[in-house]
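Asks: Compact mmCIF, C-alpha atoms, saved as coords07.txt, coming up:
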```txt
# COMPACT_ATOMS: atom_id res chain seq x y z
CA MET A 151 -10.91 -48.80 99.06
CA ALA A 152 -7.11 -48.65 98.91
CA LEU A 153 -5.01 -51.75 99.58
CA SER A 154 -2.54 -49.63 101.53
CA GLU A 155 -2.49 -46.02 102.65
CA ASP A 156 1.31 -45.97 103.00
CA PRO A 157 2.65 -43.60 100.29
CA ASP A 158 6.01 -45.40 100.25
CA LEU A 159 4.30 -48.62 99.16
CA GLN A 160 2.45 -47.09 96.21
CA PRO A 161 5.38 -47.27 93.70
CA ILE A 162 6.01 -50.88 94.76
CA LEU A 163 2.34 -51.80 94.34
CA PHE A 164 2.24 -50.02 90.98
CA GLY A 165 5.27 -51.93 89.67
CA LEU A 166 4.04 -55.24 91.10
CA PHE A 167 0.54 -55.08 89.63
CA LEU A 168 1.77 -53.76 86.28
CA SER A 169 4.29 -56.62 86.04
CA VAL A 170 1.70 -59.23 87.04
CA TYR A 171 -0.77 -57.88 84.47
CA LEU A 172 1.80 -57.91 81.66
CA VAL A 173 2.87 -61.46 82.55
CA THR A 174 -0.79 -62.52 82.61
CA VAL A 175 -1.54 -61.07 79.18
CA LEU A 176 1.68 -62.29 77.55
CA GLY A 177 1.47 -65.76 79.10
CA ASN A 178 -2.10 -66.36 77.99
CA LEU A 179 -1.37 -64.91 74.54
CA LEU A 180 1.50 -67.39 74.19
CA ILE A 181 -0.90 -70.25 74.98
CA ILE A 182 -3.33 -68.98 72.31
CA LEU A 183 -0.45 -68.57 69.81
CA ALA A 184 0.91 -72.05 70.50
CA VAL A 185 -2.50 -73.69 70.08
CA SER A 186 -3.40 -71.77 66.93
CA SER A 187 -0.01 -72.25 65.21
CA ASP A 188 0.42 -75.99 65.86
CA SER A 189 -1.87 -78.31 63.90
CA HIS A 190 -1.25 -81.09 66.44
CA LEU A 191 -3.08 -79.01 69.06
CA HIS A 192 -6.22 -78.45 66.98
CA THR A 193 -8.24 -80.68 69.30
CA PRO A 194 -11.21 -79.96 71.59
CA MET A 195 -9.01 -80.02 74.71
CA TYR A 196 -6.72 -77.26 73.44
CA PHE A 197 -9.58 -75.36 71.87
CA PHE A 198 -11.12 -75.05 75.33
CA LEU A 199 -7.70 -74.20 76.78
CA SER A 200 -7.22 -71.30 74.34
CA SER A 201 -10.78 -70.13 75.16
CA LEU A 202 -9.87 -70.23 78.86
CA SER A 203 -6.72 -68.19 78.17
CA PHE A 204 -8.76 -65.58 76.29
CA SER A 205 -11.27 -65.46 79.16
CA ASP A 206 -8.42 -65.02 81.67
CA ILE A 207 -7.06 -62.07 79.69
CA CYS A 208 -10.49 -60.41 79.69
CA PHE A 209 -11.08 -61.30 83.36
CA SER A 210 -7.77 -59.76 84.43
CA SER A 211 -8.32 -56.70 82.21
CA THR A 212 -11.63 -56.01 83.95
CA THR A 213 -10.09 -55.12 87.31
CA VAL A 214 -6.29 -54.83 87.17
CA PRO A 215 -5.82 -51.83 84.79
CA LYS A 216 -8.26 -49.72 86.82
CA MET A 217 -6.45 -50.73 90.00
CA ILE A 218 -3.08 -49.78 88.45
CA VAL A 219 -4.42 -46.36 87.46
CA ASP A 220 -5.88 -45.88 90.96
CA VAL A 221 -2.56 -46.73 92.60
CA ARG A 222 -0.71 -44.34 90.29
CA SER A 223 -3.18 -41.47 90.60
CA GLN A 224 -4.01 -41.98 94.29
CA SER A 225 -7.68 -41.81 93.34
CA ARG A 226 -10.30 -44.32 94.50
CA VAL A 227 -13.29 -42.91 92.64
CA ILE A 228 -15.33 -44.74 90.01
CA SER A 229 -18.50 -43.57 88.32
CA TYR A 230 -21.88 -45.25 88.80
CA VAL A 231 -21.95 -46.47 85.20
CA GLY A 232 -18.31 -47.51 85.35
CA CYS A 233 -18.93 -49.52 88.51
CA LEU A 234 -21.90 -51.38 87.00
CA THR A 235 -19.90 -52.05 83.82
CA GLN A 236 -16.95 -53.40 85.76
CA MET A 237 -19.25 -55.60 87.86
CA SER A 238 -21.00 -56.95 84.74
CA LEU A 239 -17.75 -57.81 82.94
CA PHE A 240 -16.28 -59.31 86.13
CA ILE A 241 -19.26 -61.65 86.53
CA ILE A 242 -19.32 -62.59 82.84
CA PHE A 243 -15.69 -63.67 82.71
CA ILE A 244 -15.49 -65.33 86.12
CA CYS A 245 -18.61 -67.37 85.28
CA LEU A 246 -17.13 -68.12 81.85
CA ASP A 247 -13.97 -69.43 83.53
CA ASP A 248 -16.16 -71.55 85.78
CA MET A 249 -18.15 -73.02 82.88
CA LEU A 250 -15.05 -73.63 80.75
CA LEU A 251 -13.41 -75.61 83.55
CA THR A 252 -16.55 -77.75 83.75
CA VAL A 253 -16.59 -78.30 79.97
CA MET A 254 -12.90 -79.22 80.06
CA ALA A 255 -13.64 -81.79 82.78
CA TYR A 256 -16.34 -83.30 80.55
CA ASP A 257 -13.85 -83.38 77.66
CA ARG A 258 -11.39 -85.34 79.79
CA PHE A 259 -14.20 -87.68 80.88
CA VAL A 260 -15.08 -88.48 77.25
CA ALA A 261 -11.40 -88.85 76.25
CA ILE A 262 -10.63 -91.37 79.03
CA CYS A 263 -13.96 -93.15 79.52
CA ARG A 264 -15.11 -93.16 75.86
CA PRO A 265 -11.84 -93.07 73.90
CA LEU A 266 -13.17 -94.83 70.78
CA ARG A 267 -16.09 -92.43 70.46
CA TYR A 268 -14.17 -89.30 71.47
CA HIS A 269 -13.96 -87.69 68.01
CA SER A 270 -17.56 -88.54 67.16
CA ILE A 271 -18.83 -87.04 70.44
CA MET A 272 -16.54 -84.02 70.78
CA HIS A 273 -16.97 -82.70 67.24
CA HIS A 274 -16.40 -79.02 66.45
CA HIS A 275 -20.13 -78.20 66.40
CA LEU A 276 -20.53 -79.44 69.98
CA CYS A 277 -17.41 -77.54 71.10
CA GLY A 278 -18.76 -74.32 69.61
CA PHE A 279 -22.15 -75.00 71.23
CA PHE A 280 -20.46 -75.43 74.64
CA ILE A 281 -18.67 -72.08 74.28
CA PHE A 282 -21.89 -70.35 73.19
CA VAL A 283 -23.94 -71.80 76.08
CA SER A 284 -21.19 -70.93 78.58
CA PHE A 285 -21.11 -67.31 77.43
CA LEU A 286 -24.92 -67.10 77.36
CA PHE A 287 -25.16 -68.49 80.90
CA SER A 288 -22.49 -66.03 82.12
CA LEU A 289 -24.35 -63.15 80.49
CA LEU A 290 -27.60 -64.25 82.20
CA ILE A 291 -25.97 -64.29 85.64
CA SER A 292 -24.44 -60.87 84.97
CA GLN A 293 -27.77 -59.38 83.93
CA LEU A 294 -29.41 -60.79 87.04
CA HIS A 295 -26.92 -58.89 89.20
CA ASN A 296 -27.50 -55.76 87.13
CA TRP A 297 -31.26 -56.06 87.56
CA ILE A 298 -30.91 -56.32 91.34
CA ALA A 299 -28.50 -53.37 91.48
CA LEU A 300 -30.67 -51.15 89.26
CA HIS A 301 -34.05 -52.22 90.65
CA PHE A 302 -33.48 -51.13 94.21
CA ILE A 303 -31.41 -48.18 95.44
CA TYR A 304 -29.38 -45.74 93.37
CA PHE A 305 -26.23 -45.74 95.47
CA LYS A 306 -24.14 -42.60 95.28
CA ASP A 307 -21.05 -41.56 97.24
CA ALA A 308 -20.90 -45.05 98.73
CA GLU A 309 -17.70 -46.77 99.80
CA ILE A 310 -17.04 -50.28 98.52
CA ALA A 311 -14.88 -52.38 100.83
CA ASN A 312 -12.73 -53.75 98.01
CA PHE A 313 -10.37 -52.54 95.27
CA PHE A 314 -12.99 -53.22 92.57
CA CYS A 315 -16.78 -53.28 92.27
CA ASP A 316 -17.31 -56.59 94.00
CA PRO A 317 -20.82 -57.95 93.19
CA SER A 318 -21.41 -59.04 96.79
CA GLN A 319 -20.53 -55.55 98.05
CA LEU A 320 -22.87 -53.89 95.56
CA LEU A 321 -25.62 -56.33 96.51
CA ASN A 322 -25.26 -55.29 100.15
CA LEU A 323 -25.46 -51.62 99.16
CA SER A 324 -28.38 -51.83 96.76
CA CYS A 325 -30.53 -54.51 98.35
CA SER A 326 -32.16 -53.57 101.64
CA ASP A 327 -34.52 -56.56 101.42
CA THR A 328 -32.69 -59.42 103.16
CA LEU A 329 -34.94 -62.10 101.66
CA THR A 330 -34.35 -60.95 98.09
CA LYS A 331 -30.61 -60.66 98.68
CA ASN A 332 -30.40 -64.17 100.13
CA LEU A 333 -32.46 -65.64 97.29
CA VAL A 334 -30.19 -64.04 94.69
CA MET A 335 -27.04 -65.18 96.50
CA TYR A 336 -28.32 -68.75 96.86
CA PHE A 337 -29.43 -68.92 93.22
CA VAL A 338 -26.16 -67.53 91.87
CA GLY A 339 -24.12 -69.70 94.23
CA ALA A 340 -26.00 -72.85 93.20
CA SER A 341 -26.03 -72.13 89.45
CA SER A 342 -22.49 -70.79 89.03
CA GLY A 343 -20.76 -72.63 91.86
CA PHE A 344 -22.43 -75.82 93.08
CA LEU A 345 -23.67 -77.20 89.75
CA PRO A 346 -20.39 -76.71 87.79
CA LEU A 347 -18.36 -78.06 90.70
CA SER A 348 -20.71 -81.06 90.93
CA GLY A 349 -20.15 -81.69 87.21
CA ILE A 350 -16.39 -81.57 87.71
CA PHE A 351 -16.56 -83.97 90.67
CA PHE A 352 -18.79 -86.38 88.75
CA SER A 353 -16.46 -86.31 85.72
CA TYR A 354 -13.42 -87.05 87.84
CA TYR A 355 -15.27 -89.77 89.75
CA LYS A 356 -15.91 -91.52 86.44
CA ILE A 357 -12.33 -90.84 85.32
CA VAL A 358 -10.81 -92.34 88.47
CA SER A 359 -13.10 -95.37 88.22
CA SER A 360 -12.04 -95.97 84.62
CA VAL A 361 -8.33 -95.42 85.29
CA LEU A 362 -8.30 -97.86 88.20
CA ARG A 363 -9.52 -100.57 85.85
CA ILE A 364 -6.46 -100.12 83.61
CA PRO A 365 -4.13 -103.07 84.33
CA SER A 366 -0.75 -101.44 83.64
CA SER A 367 0.71 -98.75 85.85
CA GLU A 368 2.10 -96.97 82.78
CA GLY A 369 -1.40 -96.71 81.32
CA LYS A 370 -2.74 -95.34 84.60
CA TYR A 371 0.01 -92.72 84.73
CA LYS A 372 -0.58 -91.68 81.11
CA ALA A 373 -4.34 -91.32 81.71
CA PHE A 374 -3.88 -89.31 84.89
CA SER A 375 -1.18 -87.11 83.32
CA THR A 376 -3.67 -85.76 80.77
CA CYS A 377 -5.81 -84.47 83.66
CA GLY A 378 -3.01 -83.09 85.84
CA SER A 379 -2.93 -79.55 84.46
CA HIS A 380 -6.71 -79.18 84.42
CA LEU A 381 -7.02 -80.53 87.95
CA SER A 382 -4.34 -78.10 89.16
CA VAL A 383 -6.18 -75.13 87.60
CA VAL A 384 -9.50 -76.30 89.12
CA CYS A 385 -7.92 -76.56 92.58
CA LEU A 386 -6.33 -73.12 92.18
CA PHE A 387 -9.54 -71.50 90.93
CA TYR A 388 -11.92 -72.95 93.52
CA GLY A 389 -9.32 -73.01 96.29
CA THR A 390 -8.65 -69.28 96.07
CA ALA A 391 -12.38 -68.50 95.73
CA ILE A 392 -13.22 -70.56 98.83
CA GLY A 393 -10.24 -69.01 100.63
CA VAL A 394 -11.54 -65.51 99.86
CA TYR A 395 -14.98 -66.47 101.15
CA LEU A 396 -13.57 -67.92 104.38
CA ALA A 397 -11.24 -64.94 104.86
CA SER A 398 -14.09 -62.46 104.47
CA ALA A 399 -16.29 -64.50 106.82
CA ALA A 400 -13.63 -64.94 109.50
CA SER A 401 -12.12 -61.45 109.39
CA ASN A 402 -13.92 -58.22 110.18
CA SER A 403 -11.30 -56.16 108.38
CA PRO A 404 -12.36 -55.07 104.87
CA ARG A 405 -8.72 -54.60 103.89
CA ASN A 406 -7.92 -58.24 104.71
CA SER A 407 -10.81 -59.34 102.50
CA ALA A 408 -9.56 -57.09 99.70
CA VAL A 409 -6.06 -58.54 99.95
CA ALA A 410 -7.54 -62.05 99.85
CA SER A 411 -9.50 -61.11 96.72
CA LEU A 412 -6.21 -60.37 94.98
CA MET A 413 -5.48 -64.09 94.82
CA TYR A 414 -8.27 -65.05 92.42
CA THR A 415 -8.62 -61.75 90.56
CA VAL A 416 -4.92 -61.00 89.91
CA PHE A 417 -2.68 -64.00 90.54
CA THR A 418 -4.85 -66.94 89.43
CA PRO A 419 -5.10 -65.79 85.75
CA MET A 420 -1.32 -65.26 85.79
CA LEU A 421 -0.56 -68.77 87.10
CA ASN A 422 -2.77 -70.70 84.67
CA PRO A 423 -0.38 -70.41 81.66
CA PHE A 424 2.55 -71.54 83.82
CA ILE A 425 0.61 -74.58 85.03
CA TYR A 426 -0.31 -75.65 81.50
CA SER A 427 3.08 -74.87 79.97
CA LEU A 428 5.14 -76.52 82.72
CA ARG A 429 2.98 -79.62 83.18
CA ASN A 430 1.91 -80.24 79.58
CA ASN A 431 4.48 -81.67 77.17
CA ASP A 432 2.38 -80.84 74.09
CA ILE A 433 2.25 -77.14 75.03
CA LYS A 434 5.98 -77.11 75.80
CA ARG A 435 6.78 -78.67 72.42
CA ALA A 436 4.45 -76.23 70.63
CA LEU A 437 6.05 -73.24 72.37
CA GLY A 438 9.47 -74.62 71.47
CA ARG A 439 8.47 -74.95 67.82
CA VAL A 440 7.14 -71.40 67.81
CA HIS A 441 10.45 -70.18 69.27
CA LYS A 442 12.73 -72.28 67.02
CA LYS A 443 10.74 -72.01 63.78
CA PRO A 444 13.06 -70.69 61.03
CA PHE A 445 12.32 -67.22 59.79
CA SER A 446 12.04 -67.93 56.07
CA ALA A 447 11.66 -65.43 53.25
CA GLY A 448 7.98 -66.30 52.93
CA ARG A 449 7.31 -65.57 56.59
CA PHE A 450 9.29 -62.33 56.36
CA LYS A 451 7.25 -61.27 53.34
CA ALA A 452 3.99 -62.14 55.08
CA LEU A 453 4.96 -60.29 58.26
CA SER A 454 6.29 -57.29 56.35
CA ALA A 455 2.87 -56.86 54.73
CA CYS A 456 1.47 -56.39 58.25
CA GLY A 457 4.22 -54.06 59.46
CA SER A 458 2.67 -50.75 58.44
CA PRO A 459 -0.86 -51.53 59.74
CA LEU A 460 0.66 -52.82 62.99
CA CYS A 461 2.67 -49.61 63.43
CA VAL A 462 -0.43 -47.48 62.79
CA VAL A 463 -2.55 -49.58 65.18
CA SER A 464 0.14 -49.35 67.88
CA LEU A 465 0.44 -45.60 67.38
CA PHE A 466 -3.33 -45.04 67.40
CA TYR A 467 -4.14 -47.14 70.47
CA GLY A 468 -0.90 -46.28 72.25
CA THR A 469 -1.58 -42.56 72.09
CA GLY A 470 -5.25 -43.12 72.97
CA ILE A 471 -4.37 -45.17 76.07
CA GLY A 472 -1.66 -42.66 76.93
CA VAL A 473 -4.19 -39.82 76.86
CA TYR A 474 -6.55 -41.81 79.07
CA LEU A 475 -3.85 -42.64 81.61
CA SER A 476 -2.50 -39.08 81.64
CA SER A 477 -5.98 -37.68 82.28
CA ALA A 478 -6.49 -40.21 85.06
CA VAL A 479 -3.12 -39.66 86.70
CA THR A 480 -2.74 -35.91 86.47
CA HIS A 481 -5.20 -33.26 87.56
CA SER A 482 -3.48 -30.46 85.68
CA SER A 483 -5.60 -28.80 83.02
CA GLN A 484 -2.46 -27.73 81.14
CA GLU A 485 -1.18 -31.25 80.42
CA ASN A 486 -4.32 -32.94 79.17
CA PRO A 487 -4.73 -30.76 76.01
CA LEU A 488 -1.09 -31.40 75.16
CA ALA A 489 -1.67 -35.15 75.42
CA SER A 490 -4.83 -34.90 73.34
CA VAL A 491 -2.97 -33.06 70.56
CA THR A 492 -0.75 -36.12 70.17
CA TYR A 493 -3.50 -38.41 68.92
CA ALA A 494 -5.79 -35.72 67.45
CA VAL A 495 -3.16 -33.92 65.33
CA VAL A 496 0.19 -35.71 65.31
CA THR A 497 -1.11 -39.28 64.77
CA PRO A 498 -3.01 -38.51 61.51
CA MET A 499 0.07 -36.66 60.25
CA LEU A 500 2.38 -39.63 60.89
CA ASP A 501 0.18 -42.28 59.22
CA PRO A 502 1.12 -41.34 55.61
CA PHE A 503 4.83 -41.30 56.49
CA ILE A 504 4.58 -44.76 58.08
CA TYR A 505 2.89 -46.25 55.02
CA SER A 506 5.14 -44.46 52.52
CA LEU A 507 8.43 -45.26 54.28
CA ARG A 508 7.66 -48.91 55.08
CA ASN A 509 5.71 -49.93 51.97
CA LYS A 510 7.60 -50.43 48.70
CA ASP A 511 4.40 -50.40 46.63
CA VAL A 512 3.38 -47.02 48.05
CA LYS A 513 6.91 -45.66 47.54
CA GLY A 514 6.89 -46.90 43.94
CA ALA A 515 3.48 -45.36 43.29
CA LEU A 516 4.60 -42.06 44.83
CA GLY A 517 7.72 -42.13 42.66
CA ARG A 518 5.66 -42.69 39.52
CA ALA A 519 3.25 -39.94 40.53
CA ALA A 520 6.16 -37.55 41.09
CA ALA A 521 7.63 -38.48 37.68
CA CYS A 522 4.28 -37.87 35.97
CA LEU A 523 3.90 -34.57 37.78
CA SER A 524 7.37 -33.42 36.74
CA TRP A 525 6.76 -34.56 33.14
CA SER A 526 3.47 -32.63 32.91
CA THR A 527 5.10 -29.61 34.47
CA GLY A 528 7.89 -29.80 31.87
CA LEU A 529 5.35 -29.95 29.02
CA ARG A 530 3.56 -26.89 30.29
CA SER A 531 6.78 -24.95 30.56
CA LYS A 532 7.56 -25.77 26.91
```
In structure tokens, write the structure found in this file.
Replies:
Amino acid sequence: MALSEDPDLQPILFGLFLSVYLVTVLGNLLIILAVSSDSHLHTPMYFFLSSLSFSDICFSSTTVPKMIVDVRSQSRVISYVGCLTQMSLFIIFICLDDMLLTVMAYDRFVAICRPLRYHSIMHHHLCGFFIFVSFLFSLLISQLHNWIALHFIYFKDAEIANFFCDPSQLLNLSCSDTLTKNLVMYFVGASSGFLPLSGIFFSYYKIVSSVLRIPSSEGKYKAFSTCGSHLSVVCLFYGTAIGVYLASAASNSPRNSAVASLMYTVFTPMLNPFIYSLRNNDIKRALGRVHKKPFSAGRFKALSACGSPLCVVSLFYGTGIGVYLSSAVTHSSQENPLASVTYAVVTPMLDPFIYSLRNKDVKGALGRAAACLSWSTGLRSK
């Protein structure tokens, strides 16, 4: 379903969603870069934060690029397999966000309520185990939705009242049995909503109880300040999700529900990096160090070794994505082969030039090979 049928709004929507998506990806990548490049941030709290940023990138990439292509091409069609794939990835990464927020609340609980045992409890094996269990749980919930969608009706030429393959919409289409549908909804809601939210509430109940026992006001402020960013993201995540649920329940207009869904599928992943970078002094200092770090000869040499592969990767994937977008946007059979020639013929031709022009070792080897070839040619002529 389209967000708007007004043709004058389509360029504005295209530019808006493309800008939001780029800001989302770049903002979360900056968080990952800041955490990975600063040794002071190699702690469980920031490890979970970088995992959340990676999950937000994947979560946004599940729905927004397809929506951008649809707005540009004026097409609202998605294949059966593509719809199930989008639904599966959407559930995996939204459940992963949910679980990571719960794990981060537990991390703050241990840091404030058990400060002397924090490093012995939150060791790197436990952090990796939390990430693995969170992903496994998200995958289980996703496969449960897939089983329901595949087990009942093969829906074809059906209209989904949203801009993406919303799991609740697909459940209404594929599940004619009201009892089964309600059981699945209650189980998923309890396991992926109520239980994680209960864990977050319990963690913050213990945190508040511990902080109130701190005698100094400065100590209370310092303890609460470490939870401020996480609490803001939790309120944004669950607040927008509950708002979407209430909007869809109160309004009979599918378009209003789709517009409400934009908040947690498009704008929430974009706002998370701003919340953590603006409210967290450690992240701000790490980003400042990344920006102000001197560009020494060693760094230049290390980066220059990656220049040629990076150019080839950008050329390969850039032309591939360009072919995909051109085939999605245009319906002309004369333009698609021309776009395909770019990455099928031109790209392999340019790779040797990129490596030979940017790599001194390759240029030196080519020079020596040319000298040997000319020397052997001169001997033969004699």
Asks: With distances taken over all atoms listed in the file, which of A:Gly349, A:Pro498, A:Gly278, A:Pro419 is nearest to A:Thr174?
Replies: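 Using all atoms listed in the file, A:Thr174 sits closest to A:Pro419.
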Asks: Separation of atom CA of A:Gly339 and atom CA of A:Ser211, in Å?
Replies: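 Answer for the atom CA of A:Gly339 to atom CA of A:Ser211 separation: 23.7 Å.
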Asks: When you count only C-alpha atoms, which of these residues is closest to A:Leu300: A:Cys385, A:Tyr230, A:Glu368, A:Cys245?
Replies: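 Ranking A:Cys385, A:Tyr230, A:Glu368, A:Cys245 by distance to A:Leu300, first place goes to A:Tyr230.
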Asks: Quick one, how far is atom CA of A:Tyr171 from atom CA of A:Ile218?
Replies: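 Taking atom CA of A:Tyr171 and atom CA of A:Ile218, their separation equals 9.3 Å.
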Asks: Edge lengths and centre in Å to one decimal, as JSON, is what I'm after for the box along x, y and z that holds all listed atoms of stretch 355-359 of chain A once 4 Å is added on each side.
Replies:
```
{"center_x": -13.4, "center_y": -92.6, "center_z": 87.5, "size_x": 13.1, "size_y": 13.6, "size_z": 12.4}
```
Asks: I'd like the interatomic distance between atom CA of A:Tyr388 and atom CA of A:Asp257, to a tenth of an Å.
Replies: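 Going from atom CA of A:Tyr388 over to atom CA of A:Asp257 covers 19.1 Å.
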Asks: Name all residues at most 10 Å from A:Ile357 (count all atoms listed in the file; drop same-chain ones fewer than 5 positions away) and give them as a ChimeraX atom specification.
Replies: /A:255-256,258-263,351-352,362,373-374,377
Asks: Nearest residue to A:Leu199 out of A:Asn178, A:Gln160, A:Ser382, A:Ser229, using all atoms listed in the file?
Replies: A:Asn178
Asks: Could you name the residues that touch A:Asp247 at 12 Å or less, counting only C-alpha atoms, but leaving out those on the same chain fewer than 5 positions away, as a PyMOL selection string?
Replies: chain A and resi 198-210+240-242+252-254+281+284-285+287-288+342-343+346+383-384+387-388+414-415+418-419+422
Asks: Taking the block just given, write stretch 218-226 of chain A to a file that holds all heavy atoms, as a compact mmCIF listing (two decimals), in the first residue's frame.
Replies:
```
# COMPACT_ATOMS: atom_id res chain seq x y z
N ILE A 218 11.98 2.84 -0.66
CA ILE A 218 12.55 3.89 -1.51
C ILE A 218 12.39 3.52 -2.98
O ILE A 218 12.02 4.35 -3.82
CB ILE A 218 14.03 4.12 -1.14
CG1 ILE A 218 14.14 4.73 0.25
CG2 ILE A 218 14.70 5.03 -2.16
CD1 ILE A 218 15.56 4.81 0.76
N VAL A 219 12.69 2.26 -3.31
CA VAL A 219 12.54 1.80 -4.70
C VAL A 219 11.08 1.86 -5.13
O VAL A 219 10.76 2.26 -6.26
CB VAL A 219 13.10 0.37 -4.85
CG1 VAL A 219 12.79 -0.19 -6.23
CG2 VAL A 219 14.60 0.36 -4.62
N ASP A 220 10.16 1.49 -4.23
CA ASP A 220 8.73 1.54 -4.56
C ASP A 220 8.26 2.96 -4.83
O ASP A 220 7.47 3.20 -5.74
CB ASP A 220 7.91 0.92 -3.43
CG ASP A 220 8.09 -0.59 -3.34
OD1 ASP A 220 8.61 -1.18 -4.32
OD2 ASP A 220 7.71 -1.18 -2.31
N VAL A 221 8.74 3.90 -4.00
CA VAL A 221 8.35 5.30 -4.21
C VAL A 221 8.90 5.82 -5.53
O VAL A 221 8.20 6.53 -6.27
CB VAL A 221 8.86 6.16 -3.02
CG1 VAL A 221 8.67 7.65 -3.32
CG2 VAL A 221 8.12 5.79 -1.74
N ARG A 222 10.13 5.43 -5.86
CA ARG A 222 10.75 5.90 -7.10
C ARG A 222 10.11 5.27 -8.33
O ARG A 222 9.92 5.94 -9.35
CB ARG A 222 12.25 5.59 -7.06
CG ARG A 222 13.02 6.10 -8.27
CD ARG A 222 13.05 7.60 -8.31
NE ARG A 222 13.79 8.10 -9.44
CZ ARG A 222 13.28 8.29 -10.66
NH1 ARG A 222 11.99 8.01 -10.88
NH2 ARG A 222 14.03 8.76 -11.63
N SER A 223 9.77 3.99 -8.25
CA SER A 223 9.25 3.28 -9.42
C SER A 223 7.74 3.29 -9.51
O SER A 223 7.18 2.81 -10.50
CB SER A 223 9.74 1.83 -9.40
OG SER A 223 9.24 1.16 -8.25
N GLN A 224 7.08 3.82 -8.46
CA GLN A 224 5.61 3.82 -8.41
C GLN A 224 5.05 2.40 -8.51
O GLN A 224 3.98 2.17 -9.08
CB GLN A 224 5.03 4.70 -9.54
CG GLN A 224 5.39 6.17 -9.43
CD GLN A 224 4.82 6.81 -8.19
OE1 GLN A 224 3.62 6.80 -7.97
NE2 GLN A 224 5.68 7.35 -7.34
N SER A 225 5.77 1.45 -7.97
CA SER A 225 5.33 0.05 -7.98
C SER A 225 5.16 -0.41 -6.55
O SER A 225 5.99 -0.13 -5.69
CB SER A 225 6.35 -0.83 -8.70
OG SER A 225 6.00 -2.20 -8.58
N ARG A 226 4.08 -1.14 -6.27
CA ARG A 226 3.79 -1.62 -4.93
C ARG A 226 3.76 -3.14 -4.88
O ARG A 226 3.09 -3.72 -4.04
CB ARG A 226 2.44 -1.07 -4.44
CG ARG A 226 2.28 0.44 -4.59
CD ARG A 226 3.10 1.20 -3.57
NE ARG A 226 2.94 2.64 -3.74
CZ ARG A 226 3.78 3.43 -4.36
NH1 ARG A 226 4.85 2.91 -4.91
NH2 ARG A 226 3.58 4.72 -4.47
```
